[in-house]
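Participant: Have a look at this one.
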Amino acid sequence: MKWGKDTAAATVFVAGALAIIISLYYMQQLSLSIGVGAGVGAYITTVAHNATLPASLQNLVNNIPTLRIALYLTYMMFVIALVCFAMGLLQLFGNPQSRLAMYTVVVSSVLFIALFSVLDINFEFSQPAAIYALSYLSGLAMLAASGYYVFESKHRQTRGVRRQISLNPDTPYTNLLVLSRELFSNLKGDVKIVDMHFDSAGMENLALLISDAKTYYSNIYVLANGERIGADFRKRYLNLVTELANRSIGFEVRIMNPEDSASQHERFIVDSEHAYKIPPLNIINKKSEHIVSIKHGEAIRRFDYMWGRGSKI
């Protein structure tokens, strides 16, 4: 899988879960130390004020107030790790269009690293070396992944996926250039297209639209009703599959379930972040239309539902 925003969100999700476990581990260690110290202190008070104890136990009793402060730090680490985990979960399985969640993770991961550094510098733990390393690694992984996510979002915004693109039927060649530069070059991740009348001409236009684009795509999936898919289409389809595979891009066309084909009237294209209503690909450069942004979550759920019910060519 190519590194991208989905991978970054997954990294935050996994690292957040690891940070939660680590926070609970240190919380348990400190709680145990405080409990032992309190028990020893109670024993001293009950038996004799001048009882003689080993230096290690006496030191433990004396350090109970300090250990309580350390325990409070682990409480904060736990809450921060939980927030990061939740933000990663939101980006993976919720609506990933807002950068606010990952801004939250950037700040939270810095706080997590800072709090653990305070623990590391001021307190001694008998934890395995792996736990110590993972403590810093989880915080750094959350910071790096969320930082990448935010950077990529801003970079993508700079590249400028527009909310609306106007097409002029009198300039079909220019329309292809505009679509390639302002829409298809800015798509990323898994590109999913619903075009009921997708045919050889539509596939030819698709190949032209993505020919000059940088390889931001992982896969291209197309749903069609199959009415215009014949022997000529299948031959060209296999050639395009091979060509795109050489660019490390997967390409697959599926035939829609008859019920979905009858009920689906809108053509659209969706990637990892955006969704657009589009004209038929076979005449996409010849129609007087506006390519407009639509709701990403609804579009991708609709596509995934129909894709799962479709049949392979």
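Going through the structure tokens in order, the chains are called A, B, and so on, while each chain numbers its residues from 1 and the ligands are numbered from 1 in the order shown.
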So that I can check the surroundings of Phe233 of chain A, please list as an MDAnalysis selection string every protein, DNA and RNA residue that reaches within 10 Å of it, counting only C-alpha atoms and ignoring chain neighbours fewer than 2 positions away.
Facilitator: chainID A and resid 198:201 203 228:231 235:239
Participant: For the selection just defined, write its residues with all heavy atoms to a file, as a CSV table (one decimal), in the first residue's frame.
Facilitator:
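File part11.csv, as written:
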chain,number,residue,atom,x,y,z
A,198,PHE,N,-20.4,3.4,-19.6
A,198,PHE,CA,-19.0,3.4,-19.8
A,198,PHE,C,-18.7,2.4,-20.9
A,198,PHE,O,-19.2,1.3,-20.9
A,198,PHE,CB,-18.3,2.9,-18.5
A,198,PHE,CG,-16.8,3.0,-18.6
A,198,PHE,CD1,-16.2,4.2,-18.6
A,198,PHE,CD2,-16.0,1.8,-18.6
A,198,PHE,CE1,-14.8,4.3,-18.6
A,198,PHE,CE2,-14.6,1.9,-18.6
A,198,PHE,CZ,-14.0,3.2,-18.7
A,199,ASP,N,-18.0,2.9,-21.9
A,199,ASP,CA,-17.7,2.0,-23.1
A,199,ASP,C,-16.3,2.3,-23.6
A,199,ASP,O,-15.4,2.9,-22.8
A,199,ASP,CB,-18.7,2.3,-24.2
A,199,ASP,CG,-18.7,3.8,-24.6
A,199,ASP,OD1,-17.8,4.6,-24.1
A,199,ASP,OD2,-19.6,4.2,-25.4
A,200,SER,N,-15.9,1.8,-24.8
A,200,SER,CA,-14.6,2.0,-25.3
A,200,SER,C,-14.2,3.5,-25.4
A,200,SER,O,-13.0,3.8,-25.1
A,200,SER,CB,-14.4,1.3,-26.7
A,200,SER,OG,-14.6,-0.1,-26.5
A,201,ALA,N,-15.1,4.3,-25.9
A,201,ALA,CA,-14.8,5.7,-26.0
A,201,ALA,C,-14.6,6.4,-24.6
A,201,ALA,O,-13.7,7.2,-24.4
A,201,ALA,CB,-16.0,6.5,-26.7
A,203,MET,N,-13.5,4.7,-22.0
A,203,MET,CA,-12.2,4.2,-21.5
A,203,MET,C,-11.0,5.0,-22.2
A,203,MET,O,-10.0,5.3,-21.6
A,203,MET,CB,-12.1,2.7,-21.8
A,203,MET,CG,-10.9,2.1,-21.1
A,203,MET,SD,-11.1,0.3,-21.0
A,203,MET,CE,-11.5,-0.2,-22.6
A,228,ARG,N,-22.7,-1.6,-23.1
A,228,ARG,CA,-21.8,-1.3,-24.2
A,228,ARG,C,-20.5,-2.0,-24.1
A,228,ARG,O,-19.5,-1.6,-24.6
A,228,ARG,CB,-21.6,0.2,-24.2
A,228,ARG,CG,-22.9,1.0,-24.3
A,228,ARG,CD,-22.6,2.5,-24.5
A,228,ARG,NE,-23.9,3.2,-24.6
A,228,ARG,CZ,-23.9,4.5,-24.9
A,228,ARG,NH1,-22.8,5.2,-25.1
A,228,ARG,NH2,-25.1,5.2,-24.9
A,229,ILE,N,-20.5,-3.1,-23.3
A,229,ILE,CA,-19.2,-3.8,-23.1
A,229,ILE,C,-19.3,-5.1,-24.0
A,229,ILE,O,-20.0,-6.0,-23.7
A,229,ILE,CB,-19.0,-4.2,-21.6
A,229,ILE,CG1,-18.8,-3.0,-20.8
A,229,ILE,CG2,-17.9,-5.2,-21.5
A,229,ILE,CD1,-18.7,-3.2,-19.3
A,230,GLY,N,-18.5,-5.0,-25.1
A,230,GLY,CA,-18.4,-6.2,-26.0
A,230,GLY,C,-17.0,-6.6,-26.2
A,230,GLY,O,-16.1,-6.4,-25.3
A,231,ALA,N,-16.7,-7.4,-27.2
A,231,ALA,CA,-15.4,-8.0,-27.5
A,231,ALA,C,-14.3,-6.9,-27.7
A,231,ALA,O,-13.2,-7.0,-27.1
A,231,ALA,CB,-15.4,-8.9,-28.7
A,235,LYS,N,-10.9,-6.3,-25.2
A,235,LYS,CA,-9.5,-6.2,-25.7
A,235,LYS,C,-8.8,-5.0,-25.2
A,235,LYS,O,-7.7,-5.0,-24.7
A,235,LYS,CB,-9.5,-6.3,-27.2
A,235,LYS,CG,-8.1,-6.3,-27.8
A,235,LYS,CD,-8.2,-6.5,-29.3
A,235,LYS,CE,-6.8,-6.4,-29.9
A,235,LYS,NZ,-6.8,-6.6,-31.4
A,236,ARG,N,-9.5,-3.8,-25.4
A,236,ARG,CA,-8.9,-2.6,-24.9
A,236,ARG,C,-8.7,-2.5,-23.4
A,236,ARG,O,-7.8,-1.9,-22.9
A,236,ARG,CB,-9.7,-1.4,-25.4
A,236,ARG,CG,-9.8,-1.3,-26.9
A,236,ARG,CD,-10.5,0.0,-27.3
A,236,ARG,NE,-10.7,0.1,-28.8
A,236,ARG,CZ,-11.0,1.3,-29.4
A,236,ARG,NH1,-11.2,2.4,-28.7
A,236,ARG,NH2,-11.1,1.3,-30.7
A,237,TYR,N,-9.7,-3.1,-22.7
A,237,TYR,CA,-9.7,-3.1,-21.3
A,237,TYR,C,-8.4,-3.8,-20.8
A,237,TYR,O,-7.7,-3.3,-19.9
A,237,TYR,CB,-11.0,-3.8,-20.8
A,237,TYR,CG,-11.0,-4.1,-19.3
A,237,TYR,CD1,-10.9,-3.1,-18.4
A,237,TYR,CD2,-11.1,-5.4,-18.9
A,237,TYR,CE1,-11.0,-3.4,-17.0
A,237,TYR,CE2,-11.2,-5.8,-17.5
A,237,TYR,CZ,-11.1,-4.7,-16.6
A,237,TYR,OH,-11.1,-5.1,-15.3
A,238,LEU,N,-8.2,-5.0,-21.3
A,238,LEU,CA,-7.0,-5.8,-20.9
A,238,LEU,C,-5.7,-5.0,-21.2
A,238,LEU,O,-4.7,-5.0,-20.4
A,238,LEU,CB,-7.0,-7.1,-21.6
A,238,LEU,CG,-8.1,-8.1,-21.2
A,238,LEU,CD1,-8.0,-9.4,-22.0
A,238,LEU,CD2,-8.0,-8.4,-19.7
A,239,ASN,N,-5.6,-4.3,-22.3
A,239,ASN,CA,-4.5,-3.5,-22.6
A,239,ASN,C,-4.3,-2.4,-21.6
A,239,ASN,O,-3.1,-2.1,-21.2
A,239,ASN,CB,-4.6,-2.9,-24.0
A,239,ASN,CG,-4.4,-3.9,-25.1
A,239,ASN,OD1,-3.8,-5.0,-24.9
A,239,ASN,ND2,-5.0,-3.7,-26.3
Participant: Sorted by chain and rising residue number, which residues of segment 134-229 of chain A lie within 8 Å of segment 10-30 of chain A, and what are their closest atom pairs and distances in Å to one decimal, counting only C-alpha atoms, as a Markdown table?
Facilitator:
| residue | atom | partner | partner_atom | distance |
| --- | --- | --- | --- | --- |
| A:Leu134 | CA | A:Ile22 | CA | 8.0 |
| A:Ser135 | CA | A:Ile22 | CA | 6.4 |
| A:Ser138 | CA | A:Ala15 | CA | 4.9 |
| A:Gly139 | CA | A:Ala19 | CA | 7.1 |
| A:Ala141 | CA | A:Ala15 | CA | 6.3 |
| A:Met142 | CA | A:Val12 | CA | 4.9 |
| A:Ala145 | CA | A:Val12 | CA | 6.3 |
| A:Ser146 | CA | A:Val12 | CA | 6.8 |
Participant: Here is a test: counting only C-alpha atoms, which residue of A:Ile313, A:Ala9, A:Leu187, A:Leu209 is nearest to Thr174 of chain A?
Facilitator: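 Using only C-alpha atoms, the shortest distance to Thr174 of chain A belongs to A:Leu209.
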Participant: How many Å lie between atom CA of Pro172 of chain A and atom CA of Ser288 of chain A, rounded to one decimal?
Facilitator: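 We find that atom CA of Pro172 of chain A and atom CA of Ser288 of chain A lie 9.9 Å from each other.
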Participant: Just the residues within 8 Å of segment 272-282 of chain A, please, counting only C-alpha atoms, with nothing from its chain fewer than 5 positions along; format it as a compact mmCIF listing (two decimals) with N, CA and C atoms, in the first residue's frame.
Facilitator:
# COMPACT_ATOMS: atom_id res chain seq x y z
N ASP A 6 -4.66 7.76 4.21
CA ASP A 6 -5.27 6.60 4.87
C ASP A 6 -4.24 5.87 5.72
N PRO A 96 -13.49 11.67 6.68
CA PRO A 96 -12.12 12.14 6.76
C PRO A 96 -11.86 13.49 6.08
N GLN A 97 -12.88 14.33 5.92
CA GLN A 97 -12.66 15.55 5.15
C GLN A 97 -12.11 16.70 5.99
N LEU A 187 -6.76 13.95 -8.08
CA LEU A 187 -7.36 12.81 -7.41
C LEU A 187 -6.27 11.96 -6.79
N LYS A 188 -6.63 11.23 -5.74
CA LYS A 188 -5.61 10.48 -5.02
C LYS A 188 -6.21 9.26 -4.36
N GLY A 189 -5.38 8.23 -4.22
CA GLY A 189 -5.80 7.00 -3.54
C GLY A 189 -6.63 6.14 -4.48
N ASP A 190 -7.69 5.55 -3.97
CA ASP A 190 -8.59 4.74 -4.79
C ASP A 190 -9.60 5.66 -5.47
N VAL A 191 -9.55 5.69 -6.80
CA VAL A 191 -10.48 6.51 -7.59
C VAL A 191 -11.62 5.60 -8.04
N ASP A 195 -20.35 5.15 -13.95
CA ASP A 195 -20.73 5.65 -15.27
C ASP A 195 -21.47 4.51 -15.97
N HIS A 197 -23.00 4.07 -18.73
CA HIS A 197 -22.76 3.80 -20.15
C HIS A 197 -21.27 3.82 -20.50
N PHE A 198 -20.45 3.44 -19.57
CA PHE A 198 -19.00 3.37 -19.80
C PHE A 198 -18.73 2.39 -20.94
N ASP A 199 -17.96 2.86 -21.93
CA ASP A 199 -17.68 2.03 -23.10
C ASP A 199 -16.25 2.28 -23.56
N SER A 200 -15.92 1.83 -24.78
CA SER A 200 -14.55 1.99 -25.30
C SER A 200 -14.17 3.45 -25.41
N ALA A 201 -15.11 4.31 -25.85
CA ALA A 201 -14.82 5.74 -25.97
C ALA A 201 -14.59 6.35 -24.59
N GLY A 202 -15.38 5.93 -23.62
CA GLY A 202 -15.19 6.42 -22.25
C GLY A 202 -13.85 5.98 -21.69
N MET A 203 -13.46 4.75 -22.00
CA MET A 203 -12.17 4.25 -21.52
C MET A 203 -11.02 4.99 -22.20
N GLU A 204 -11.19 5.33 -23.46
CA GLU A 204 -10.16 6.10 -24.17
C GLU A 204 -10.01 7.49 -23.55
N ASN A 205 -11.13 8.15 -23.27
CA ASN A 205 -11.05 9.46 -22.62
C ASN A 205 -10.43 9.36 -21.23
N LEU A 206 -10.77 8.31 -20.49
CA LEU A 206 -10.19 8.11 -19.16
C LEU A 206 -8.68 7.97 -19.25
N GLU A 266 -27.30 8.98 -11.44
CA GLU A 266 -26.25 9.99 -11.36
C GLU A 266 -24.88 9.36 -11.56
N ARG A 267 -24.09 9.99 -12.41
CA ARG A 267 -22.70 9.56 -12.59
C ARG A 267 -21.81 10.38 -11.66
N LYS A 287 -19.85 18.09 -23.60
CA LYS A 287 -21.12 18.55 -23.05
C LYS A 287 -20.97 19.88 -22.35
N GLU A 289 -21.65 21.34 -19.32
CA GLU A 289 -22.04 20.96 -17.97
C GLU A 289 -21.10 21.55 -16.94
N HIS A 290 -21.56 21.54 -15.70
CA HIS A 290 -20.72 21.92 -14.58
C HIS A 290 -20.41 20.66 -13.78
N ILE A 291 -19.15 20.38 -13.59
CA ILE A 291 -18.74 19.29 -12.71
C ILE A 291 -18.69 19.85 -11.30
N VAL A 292 -19.58 19.37 -10.46
CA VAL A 292 -19.75 19.98 -9.14
C VAL A 292 -19.42 18.97 -8.04
N SER A 293 -19.00 19.50 -6.91
CA SER A 293 -18.68 18.68 -5.76
C SER A 293 -19.97 18.17 -5.11
N ILE A 294 -19.95 16.90 -4.67
CA ILE A 294 -21.07 16.31 -3.95
C ILE A 294 -20.55 15.73 -2.64
N LYS A 295 -21.45 15.25 -1.80
CA LYS A 295 -21.06 14.75 -0.49
C LYS A 295 -20.21 13.49 -0.62
N HIS A 296 -19.01 13.55 -0.06
CA HIS A 296 -18.06 12.45 -0.20
C HIS A 296 -18.54 11.17 0.49
N ALA A 299 -21.39 9.43 -1.35
CA ALA A 299 -20.97 8.89 -2.63
C ALA A 299 -20.16 7.61 -2.47
N ILE A 300 -19.23 7.62 -1.52
CA ILE A 300 -18.37 6.45 -1.37
C ILE A 300 -19.14 5.27 -0.79
Participant: Distance atom CA of Asp212 of chain A-atom CA of Arg181 of chain A, one decimal place?
Facilitator: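 These two atoms are separated by 8.4 Å.
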Participant: Separation of atom CA of Phe93 of chain A and atom CA of Val106 of chain A, in Å?
Facilitator: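 So the answer is 19.4 Å.
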Participant: Env of Val110 of chain A: 12 Å cut, atoms = only C-alpha atoms, seq-sep filter 6 positions within chain, self excluded. Answer as a PyMOL selection string.
Facilitator: chain A and resi 77+80-81+84+103-104+116-117+136+138-144+146-147
Participant: Please determine, counting only C-alpha atoms, which residue among A:Arg309, A:Leu73, A:Leu82, A:Lys286 has the shortest atom-to-atom distance to Asp170 of chain A.
Facilitator: A:Lys286
Participant: Quick one: DSSP helix (DSSP H, G or I) residues in segment 135-259 of chain A, as a ChimeraX atom specification?
Facilitator: /A:135-159,172-182,184-186,200-211,231-245,258-259
Participant: Mind listing the strand (DSSP E or B) residues of segment 227-279 of chain A, per DSSP on the backbone, as a ChimeraX atom specification?
Facilitator: /A:250-255,268-270,275-277
